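Engineer: Here it is, the structure in full.
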Amino acid sequence: MALLITAEPAVAQQAQDEAMKDEASQTPVQDVQGRGAVGQQGPASSLGNTQAQPDSGAAASSTAEQEVFPSALTADTRRPPPPGLIGDWLAIRTRLARRGIGLTARYASESAYNVTGGERQVLRETGQFDAGMLLDLDKVAGLKGGAFQATITWRRGRNLSDDAGLGTLQQVQEVYGRGQTLRVTQLWYEQVIGDKLELKLGLTNPGEDFAAFSCQFMNLSFCGAQPGNLAGDYWFNWPVSQLGARARIKLDKTHYVSAAVYQINPRNLNERFFVAHVNGGTGVLIPVEAGWTPTARDGRVGAYKIGGWIATADGDDVYLDVNRRPQAVTGLEPLQRSSRYGVYVNVEQQLTGRARDGKAVSGLSVFANVTQTDRQTSVTDNQVSLGLFYRGLVPRLRGEVLGIAVARTNVNGRIARAQWLASTAGRVQDGAEQAAELFYSIQPLEGLELRPNVQWIRHPGGVKQANDVGVVGLKAAITL
């Protein structure tokens with residue numbers, strides 16, 4: 001669950017409030033596409049979604065411009081939340097925004113109960129609290145085109161996947177994991193140079209700017225940057241930060257290319273509070289991405305991304321030993337691979353309804369995410385997820401969204417071969433985990449979101465003999 005504090009100018013705040021009211025009433029609005037102001041929905045920071053950049057000229061980060069579907073953001077645990085229950089905070093928020101300082105706060109909770117499957121049936125709740133601040137450096141320090149983001153996160157609670165013995169590859173409560181601890185998740189500076197170049201430096205994570213995707217679903221298969229779901233031992237998604245530098249070039253209004261370098265440092269997974277680790281790096285992660293964010297003549301929006309990465313940190317071969325023989329037979333140390341790599345494709349497209357400010361606000365939108373990692377070092381070597389969002393089943397309902405998705409997470413065939421050689425009775429991972437989720441989201445009050453969901457997982461853990469898992473859950477969030 002995430003609590004985030006972000007800068008938001010008074011004009012942007014009022015515009016967002018009016019837009020949300022209009023969305024609830026479905027009053028016709030002219031379709032437009034544009035960048036968000038400080039505090040509005042921005043790039044996927046896993047809260048992976050980083051904030052949209054300030055009026056100073058710091059452009060909305062690639063995630064913000066590409067993440068076109070979500071409209072109800074309160075329970076999206078990897079994105080900055082919209083205005084909350086206490087609104088303008090007795091005009092404090094507006095006064096700070098006039099000075100280029102934006103603040104928000106949120107707690108998100110995920111509760112889940114396994115109605116079938118697992119070793120036992122239990123109810124578990126886990127959550128995340130974020131606090132962040134976004135500075136428009138043009139207003140704060142006269143630095144045109146500059147922005148500074150700081151975010152801390154605190155995770156707490158229990159995990160159903162572990163406590164019920166579900167044996168799943170992907171968590172049924174995405175907000176759990178990476179240590180139930182307090183972290184500095186974002187501490188970065190971004191600068192726009194000219195009309196086309198954006199530079200970003202500091203503590204960040206690759207899921208903010210590469211393969212970025214929303215986190216509206218509760219199953220991890222449909223949450224955040226997909227490469228982090230498969231290669232999480234060196235691609236650290238939210239809330240873990242990495243020292244990094246990213247460059248993004250706008251080729252024109254709808255096309256861009258991005259590249260970055262992030263330090264791979266296992267010390268960043270420590271569960272005690274720290275600001276940053278410089279020593280202890282084992283290599284670097286270098287992702288690249290090309291994207292297209294078109295808007296059709298009818299105003300409907302889309303986002304198309306293709307990318308890949310290479311990591312220079314050594315990785316264990318999942319099958320061979322140092323003598324290139326099956327490790328399961330010899331028991332020797334695994335063969336070390338000097339590089340790791342992968343590719344991905346993300347597609348999002350609005351098919352019906354209306355769009356506003358570059359985001360779908362009604363109608364049907366669809367998405368597809370596909371990632372392939374190298375088979376030498378990855379236990380799960382590919383993942384495919386497909387789904388849709390529909391807004392407008394009950395037009396008068398605030399923040400109403402229906403989401404449906406299916407995913408397939410494949411276990412590397414070399415893992416199954418090794419397990420057969422080791423005579424792992426009954427737990428050979430010789431298949432793929434298949435997950436499905438249905439949710440329906442509403443906002444009874446400004447800043448309060450309720451999102452009941454149902455999940456079904458077939459072949460949990462990629463084990464064909466394992467019983468299916470059924471989960472009912474509630475994702476809820478309060479934004480202050």
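Chain labels A, B, ... are given in the sequence in which chains occur in the structure tokens; within each chain residues are numbered consecutively from 1, and ligands are likewise numbered from 1 in the order shown.
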Within 9 Å of range 265-278 of chain A, counting only C-alpha atoms, which residues show up once you throw out same-chain ones fewer than 2 positions away? Write them as a list in words, please.

Structural biologist: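 Using only C-alpha atoms, the neighbours found are Arg178, Gly179, Gln180, Thr181, Leu182, Arg183, Val184, Thr185, Leu187, Leu203, Asp233, Tyr234, Phe236, Val240, Ser241, Gln242, Leu243, Gln263, Gly280, Gly281, Thr282, Gly283 and Val284 of chain A.
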
Engineer: Which residues come within 8 Å of Thr409 in chain A, counting only C-alpha atoms, excluding same-chain residues fewer than 6 positions away, as a list in words?

Structural biologist: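 Near Thr409 in chain A, the qualifying residues are Leu169, Ser221, Thr380, Asp381, Asn382, Gln383, Val384, Ala432, Glu433, Gln434 and Gly462 of chain A.
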
Engineer: I'd like the neighbourhood of Val469 in chain A as a list in words, where a residue qualifies if any of its atoms comes within 9 Å (using only C-alpha atoms), though same-chain residues fewer than 2 positions away should be ignored.

Structural biologist: Asn114, Val115, Thr116, Gly117, Gly118, Leu166, Thr168, Gln455, Trp456, Ile457, Arg458, His459, Pro460, Ala466, Asn467 and Val471 of chain A

Engineer: What does the file look like for those residues with all heavy atoms, as a short mmCIF file (atom, residue, chain, number, x, y, z; two decimals), in the first residue's frame?

Structural biologist:
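Below is the file that was written, result28.cif:
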data_model
loop_
_atom_site.label_atom_id
_atom_site.label_comp_id
_atom_site.auth_asym_id
_atom_site.auth_seq_id
_atom_site.Cartn_x
_atom_site.Cartn_y
_atom_site.Cartn_z
N ASN A 114 -8.27 -17.56 0.81
CA ASN A 114 -8.28 -18.63 -0.18
C ASN A 114 -9.46 -19.56 0.08
O ASN A 114 -9.50 -20.30 1.06
CB ASN A 114 -6.96 -19.41 -0.18
CG ASN A 114 -6.58 -19.97 1.16
OD1 ASN A 114 -6.69 -19.31 2.19
ND2 ASN A 114 -6.13 -21.23 1.15
N VAL A 115 -10.43 -19.52 -0.80
CA VAL A 115 -11.63 -20.37 -0.66
C VAL A 115 -11.32 -21.80 -1.06
O VAL A 115 -12.03 -22.73 -0.66
CB VAL A 115 -12.79 -19.81 -1.51
CG1 VAL A 115 -13.25 -18.46 -0.98
CG2 VAL A 115 -12.40 -19.69 -2.98
N THR A 116 -10.28 -21.99 -1.84
CA THR A 116 -9.86 -23.33 -2.22
C THR A 116 -8.37 -23.31 -2.54
O THR A 116 -7.81 -22.27 -2.87
CB THR A 116 -10.65 -23.85 -3.45
OG1 THR A 116 -10.31 -25.21 -3.71
CG2 THR A 116 -10.35 -23.01 -4.68
N GLY A 117 -7.72 -24.47 -2.39
CA GLY A 117 -6.30 -24.58 -2.68
C GLY A 117 -5.45 -24.22 -1.49
O GLY A 117 -5.92 -23.70 -0.47
N GLY A 118 -4.17 -24.51 -1.59
CA GLY A 118 -3.23 -24.24 -0.51
C GLY A 118 -3.24 -25.32 0.55
O GLY A 118 -3.97 -26.31 0.47
N LEU A 166 0.11 -21.45 -0.58
CA LEU A 166 -0.50 -21.53 -1.91
C LEU A 166 0.47 -22.05 -2.96
O LEU A 166 0.05 -22.63 -3.97
CB LEU A 166 -1.02 -20.16 -2.34
CG LEU A 166 -2.05 -19.49 -1.42
CD1 LEU A 166 -2.52 -18.18 -2.04
CD2 LEU A 166 -3.23 -20.41 -1.15
N THR A 168 2.29 -20.35 -5.09
CA THR A 168 2.20 -19.63 -6.35
C THR A 168 3.53 -18.97 -6.72
O THR A 168 4.33 -18.62 -5.85
CB THR A 168 1.12 -18.53 -6.26
OG1 THR A 168 1.41 -17.66 -5.17
CG2 THR A 168 -0.26 -19.16 -6.06
N GLN A 455 -9.79 -14.10 -7.71
CA GLN A 455 -8.65 -14.63 -8.46
C GLN A 455 -8.77 -16.16 -8.57
O GLN A 455 -9.28 -16.81 -7.66
CB GLN A 455 -7.33 -14.32 -7.77
CG GLN A 455 -7.05 -12.84 -7.55
CD GLN A 455 -5.75 -12.62 -6.81
OE1 GLN A 455 -4.71 -13.21 -7.13
NE2 GLN A 455 -5.78 -11.75 -5.80
N TRP A 456 -8.27 -16.68 -9.67
CA TRP A 456 -8.19 -18.14 -9.85
C TRP A 456 -6.83 -18.46 -10.42
O TRP A 456 -6.42 -17.87 -11.42
CB TRP A 456 -9.29 -18.64 -10.78
CG TRP A 456 -9.43 -20.14 -10.72
CD1 TRP A 456 -8.86 -21.06 -11.55
CD2 TRP A 456 -10.17 -20.88 -9.75
NE1 TRP A 456 -9.20 -22.34 -11.17
CE2 TRP A 456 -10.01 -22.26 -10.06
CE3 TRP A 456 -10.95 -20.54 -8.65
CZ2 TRP A 456 -10.60 -23.27 -9.32
CZ3 TRP A 456 -11.54 -21.55 -7.91
CH2 TRP A 456 -11.37 -22.90 -8.24
N ILE A 457 -6.10 -19.37 -9.78
CA ILE A 457 -4.75 -19.73 -10.22
C ILE A 457 -4.72 -21.22 -10.52
O ILE A 457 -4.98 -22.05 -9.63
CB ILE A 457 -3.68 -19.38 -9.18
CG1 ILE A 457 -3.66 -17.87 -8.92
CG2 ILE A 457 -2.30 -19.81 -9.66
CD1 ILE A 457 -4.46 -17.42 -7.73
N ARG A 458 -4.42 -21.57 -11.75
CA ARG A 458 -4.30 -22.96 -12.19
C ARG A 458 -2.82 -23.33 -12.27
O ARG A 458 -2.00 -22.54 -12.68
CB ARG A 458 -4.97 -23.12 -13.56
CG ARG A 458 -5.07 -24.55 -14.05
CD ARG A 458 -6.01 -24.64 -15.24
NE ARG A 458 -6.14 -25.99 -15.74
CZ ARG A 458 -5.53 -26.47 -16.83
NH1 ARG A 458 -4.73 -25.65 -17.53
NH2 ARG A 458 -5.69 -27.71 -17.23
N HIS A 459 -2.49 -24.56 -11.87
CA HIS A 459 -1.11 -25.03 -11.82
C HIS A 459 -0.23 -24.08 -11.01
O HIS A 459 0.81 -23.59 -11.51
CB HIS A 459 -0.52 -25.19 -13.23
CG HIS A 459 -1.29 -26.10 -14.13
ND1 HIS A 459 -1.95 -27.21 -13.68
CD2 HIS A 459 -1.49 -26.05 -15.48
CE1 HIS A 459 -2.53 -27.83 -14.69
NE2 HIS A 459 -2.27 -27.15 -15.79
N PRO A 460 -0.60 -23.77 -9.77
CA PRO A 460 0.23 -22.85 -8.98
C PRO A 460 1.66 -23.36 -8.86
O PRO A 460 1.89 -24.56 -8.66
CB PRO A 460 -0.47 -22.82 -7.61
CG PRO A 460 -1.33 -24.05 -7.58
CD PRO A 460 -1.73 -24.30 -8.98
N ALA A 466 -0.55 -29.76 -8.89
CA ALA A 466 -1.02 -28.94 -7.77
C ALA A 466 -2.48 -28.56 -7.94
O ALA A 466 -2.96 -28.33 -9.06
CB ALA A 466 -0.17 -27.69 -7.64
N ASN A 467 -3.21 -28.51 -6.82
CA ASN A 467 -4.61 -28.11 -6.86
C ASN A 467 -4.75 -26.63 -7.20
O ASN A 467 -3.91 -25.80 -6.82
CB ASN A 467 -5.27 -28.37 -5.50
CG ASN A 467 -5.37 -29.84 -5.17
OD1 ASN A 467 -5.50 -30.68 -6.07
ND2 ASN A 467 -5.28 -30.17 -3.90
N VAL A 471 -9.16 -17.37 -4.75
CA VAL A 471 -8.98 -16.32 -3.75
C VAL A 471 -10.04 -15.24 -3.94
O VAL A 471 -10.31 -14.81 -5.06
CB VAL A 471 -7.58 -15.67 -3.86
CG1 VAL A 471 -7.43 -14.49 -2.90
CG2 VAL A 471 -6.49 -16.71 -3.59
#

Engineer: Name the residues of range 66-302 of chain A that fall into alpha helix (DSSP H) according to DSSP on the backbone, using the chain letters and numbers of this document, as a PyMOL selection string.

Structural biologist: chain A and resi 66+92-98+137-141+160-163+227-230

Engineer: For the atom pair CA of Val361 in chain A and CA of Ala211 in chain A, what is the interatomic distance in Å to one decimal place?

Structural biologist: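 Separation of CA of Val361 in chain A and CA of Ala211 in chain A: 22.4 Å.
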
Engineer: When you look at range 440-443 of chain A with a cut-off of 7 Å (counting only C-alpha atoms), what residues show up, excluding the ones that are within fewer than 4 positions of it in the same chain? I need them as an MDAnalysis selection string.

Structural biologist: chainID A and resid 397:403 448:453

Engineer: Could you give me, as a PyMOL selection string, each residue of range 145-230 of chain A that DSSP assigns to strand (DSSP E) when run on this structure's backbone?

Structural biologist: chain A and resi 146-157+182-193+197-204

Engineer: For Glu198 in chain A, which residue among A:Leu230, A:Gly145, A:Gly167, A:Gly157 is the nearest when counting only C-alpha atoms?

Structural biologist: A:Gly145

Engineer: What is the CA of Arg248 in chain A-CA of Asn369 in chain A distance in Å, reported with one decimal?

Structural biologist: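 Atom-to-atom, CA of Arg248 in chain A and CA of Asn369 in chain A are spaced 21.6 Å apart.
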
Engineer: I need the residue nearest Asn159 in chain A from this list: A:Ala112, A:Leu201, A:Leu320, A:Val394. Use only C-alpha atoms for the distance.

Structural biologist: A:Ala112

Engineer: What separation in Å, quoted to one decimal, exists between CA of Thr153 in chain A and CA of Gly132 in chain A?

Structural biologist: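 Between CA of Thr153 in chain A and CA of Gly132 in chain A the gap works out to 8.6 Å.
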
Engineer: Please list as a PyMOL selection string every residue within 10 Å of range 416-418 of chain A, counting only C-alpha atoms and excluding residues in the same chain fewer than 5 positions away.

Structural biologist: chain A and resi 318-320+326-329+379+411+423-424+427-431+462-463

Engineer: Under the rule that only C-alpha atoms are counted, which of A:Ala436, A:Ala212, A:Cys223, A:Val257 is the nearest residue to Val345 in chain A?

Structural biologist: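 For Val345 in chain A, the nearest of the candidates is A:Ala212.
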
Engineer: Given only C-alpha atoms as the basis, pick out the residue of A:Thr373, A:Thr254, A:Gln170, A:Thr330 nearest to Phe222 in chain A.

Structural biologist: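 Once distances to Phe222 in chain A are computed over only C-alpha atoms, the minimum belongs to A:Gln170.
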
Engineer: Can you tell me which residues surround Arg246 in chain A at a distance of at most 12 Å, considering only C-alpha atoms, apart from same-chain residues fewer than 3 positions away, and format the answer as an mmCIF file with N, CA and C atoms, in the first residue's frame?

Structural biologist:
data_model
loop_
_atom_site.group_PDB
_atom_site.id
_atom_site.type_symbol
_atom_site.label_atom_id
_atom_site.label_comp_id
_atom_site.auth_asym_id
_atom_site.auth_seq_id
_atom_site.Cartn_x
_atom_site.Cartn_y
_atom_site.Cartn_z
ATOM 1 N N SER A 61 6.854 12.153 -17.372
ATOM 2 C CA SER A 61 7.759 11.071 -17.667
ATOM 3 C C SER A 61 7.071 10.090 -18.577
ATOM 4 N N SER A 62 7.857 9.242 -19.209
ATOM 5 C CA SER A 62 7.328 8.357 -20.223
ATOM 6 C C SER A 62 6.181 7.539 -19.690
ATOM 7 N N TRP A 188 15.073 11.508 -6.595
ATOM 8 C CA TRP A 188 15.684 11.801 -7.881
ATOM 9 C C TRP A 188 15.422 13.221 -8.348
ATOM 10 N N TYR A 189 16.289 13.635 -9.278
ATOM 11 C CA TYR A 189 16.205 14.954 -9.909
ATOM 12 C C TYR A 189 16.057 14.750 -11.406
ATOM 13 N N GLU A 190 15.122 15.489 -12.013
ATOM 14 C CA GLU A 190 14.928 15.410 -13.456
ATOM 15 C C GLU A 190 15.031 16.796 -14.061
ATOM 16 N N GLN A 191 15.676 16.860 -15.233
ATOM 17 C CA GLN A 191 15.885 18.144 -15.909
ATOM 18 C C GLN A 191 15.566 18.001 -17.391
ATOM 19 N N VAL A 192 14.739 18.928 -17.879
ATOM 20 C CA VAL A 192 14.464 19.006 -19.307
ATOM 21 C C VAL A 192 15.460 19.958 -19.941
ATOM 22 N N LEU A 197 15.071 16.590 -24.895
ATOM 23 C CA LEU A 197 15.857 15.733 -24.005
ATOM 24 C C LEU A 197 15.438 15.884 -22.552
ATOM 25 N N GLU A 198 15.240 14.746 -21.873
ATOM 26 C CA GLU A 198 14.977 14.714 -20.437
ATOM 27 C C GLU A 198 16.039 13.843 -19.778
ATOM 28 N N LEU A 199 16.634 14.350 -18.716
ATOM 29 C CA LEU A 199 17.614 13.590 -17.948
ATOM 30 C C LEU A 199 17.101 13.383 -16.534
ATOM 31 N N LYS A 200 17.361 12.215 -15.992
ATOM 32 C CA LYS A 200 16.894 11.872 -14.645
ATOM 33 C C LYS A 200 18.022 11.181 -13.901
ATOM 34 N N LEU A 201 18.316 11.629 -12.669
ATOM 35 C CA LEU A 201 19.424 11.098 -11.884
ATOM 36 C C LEU A 201 18.987 10.873 -10.450
ATOM 37 N N GLY A 202 19.525 9.827 -9.812
ATOM 38 C CA GLY A 202 19.282 9.635 -8.391
ATOM 39 C C GLY A 202 18.792 8.250 -8.054
ATOM 40 N N LEU A 203 18.087 8.149 -6.927
ATOM 41 C CA LEU A 203 17.503 6.878 -6.483
ATOM 42 C C LEU A 203 16.153 6.705 -7.144
ATOM 43 N N THR A 204 16.036 5.674 -7.931
ATOM 44 C CA THR A 204 14.819 5.424 -8.687
ATOM 45 C C THR A 204 14.727 3.917 -8.902
ATOM 46 N N ASN A 205 13.896 3.458 -9.813
ATOM 47 C CA ASN A 205 13.887 2.041 -10.177
ATOM 48 C C ASN A 205 13.475 1.920 -11.636
ATOM 49 N N PRO A 206 13.917 0.884 -12.333
ATOM 50 C CA PRO A 206 13.656 0.794 -13.775
ATOM 51 C C PRO A 206 12.178 0.727 -14.121
ATOM 52 N N GLY A 207 11.346 0.197 -13.204
ATOM 53 C CA GLY A 207 9.922 0.098 -13.488
ATOM 54 C C GLY A 207 9.214 1.429 -13.601
ATOM 55 N N GLU A 208 9.850 2.533 -13.184
ATOM 56 C CA GLU A 208 9.260 3.850 -13.359
ATOM 57 C C GLU A 208 9.243 4.264 -14.816
ATOM 58 N N ASP A 209 10.253 3.855 -15.573
ATOM 59 C CA ASP A 209 10.453 4.392 -16.908
ATOM 60 C C ASP A 209 10.543 3.347 -18.009
ATOM 61 N N PHE A 210 10.585 2.064 -17.657
ATOM 62 C CA PHE A 210 10.726 1.014 -18.656
ATOM 63 C C PHE A 210 9.721 -0.101 -18.370
ATOM 64 N N GLN A 242 17.184 1.994 -6.811
ATOM 65 C CA GLN A 242 18.530 1.739 -7.327
ATOM 66 C C GLN A 242 19.129 3.066 -7.778
ATOM 67 N N LEU A 243 20.407 3.248 -7.595
ATOM 68 C CA LEU A 243 21.084 4.413 -8.145
ATOM 69 C C LEU A 243 21.061 4.301 -9.666
ATOM 70 N N ILE A 249 14.600 10.852 -25.124
ATOM 71 C CA ILE A 249 14.570 11.788 -26.236
ATOM 72 C C ILE A 249 13.212 11.708 -26.922
ATOM 73 N N VAL A 257 12.481 7.633 -27.480
ATOM 74 C CA VAL A 257 13.400 6.540 -27.151
ATOM 75 C C VAL A 257 14.018 6.856 -25.793
ATOM 76 N N SER A 258 14.263 5.816 -24.990
ATOM 77 C CA SER A 258 14.838 5.977 -23.659
ATOM 78 C C SER A 258 15.947 4.955 -23.448
ATOM 79 N N ALA A 259 16.912 5.336 -22.628
ATOM 80 C CA ALA A 259 17.970 4.420 -22.211
ATOM 81 C C ALA A 259 18.419 4.821 -20.817
ATOM 82 N N ALA A 260 18.908 3.859 -20.053
ATOM 83 C CA ALA A 260 19.304 4.147 -18.676
ATOM 84 C C ALA A 260 20.373 3.173 -18.217
ATOM 85 N N VAL A 261 21.002 3.539 -17.107
ATOM 86 C CA VAL A 261 21.970 2.671 -16.425
ATOM 87 C C VAL A 261 21.617 2.679 -14.939
ATOM 88 N N TYR A 262 21.419 1.506 -14.348
ATOM 89 C CA TYR A 262 21.125 1.369 -12.924
ATOM 90 C C TYR A 262 22.161 0.457 -12.276
ATOM 91 N N GLN A 263 22.581 0.833 -11.079
ATOM 92 C CA GLN A 263 23.487 -0.035 -10.342
ATOM 93 C C GLN A 263 22.725 -1.245 -9.808
ATOM 94 N N LEU A 285 22.500 -2.600 -14.738
ATOM 95 C CA LEU A 285 21.357 -2.955 -15.572
ATOM 96 C C LEU A 285 21.171 -1.848 -16.600
ATOM 97 N N ILE A 286 21.129 -2.219 -17.882
ATOM 98 C CA ILE A 286 21.008 -1.234 -18.957
ATOM 99 C C ILE A 286 19.759 -1.550 -19.785
ATOM 100 N N PRO A 287 18.642 -0.860 -19.536
ATOM 101 C CA PRO A 287 17.440 -1.050 -20.353
ATOM 102 C C PRO A 287 17.344 0.022 -21.443
ATOM 103 N N VAL A 288 16.697 -0.333 -22.540
ATOM 104 C CA VAL A 288 16.385 0.616 -23.607
ATOM 105 C C VAL A 288 14.932 0.402 -24.010
ATOM 106 N N GLU A 289 14.298 1.465 -24.502
ATOM 107 C CA GLU A 289 12.880 1.368 -24.871
ATOM 108 C C GLU A 289 12.560 2.371 -25.963
#

Engineer: Find the residues near range 294-302 of chain A: any atom within 6 Å, counting only C-alpha atoms, skip ones fewer than 4 places away on the same chain, and give them as a PyMOL selection string.

Structural biologist: chain A and resi 31+254+348-350+355
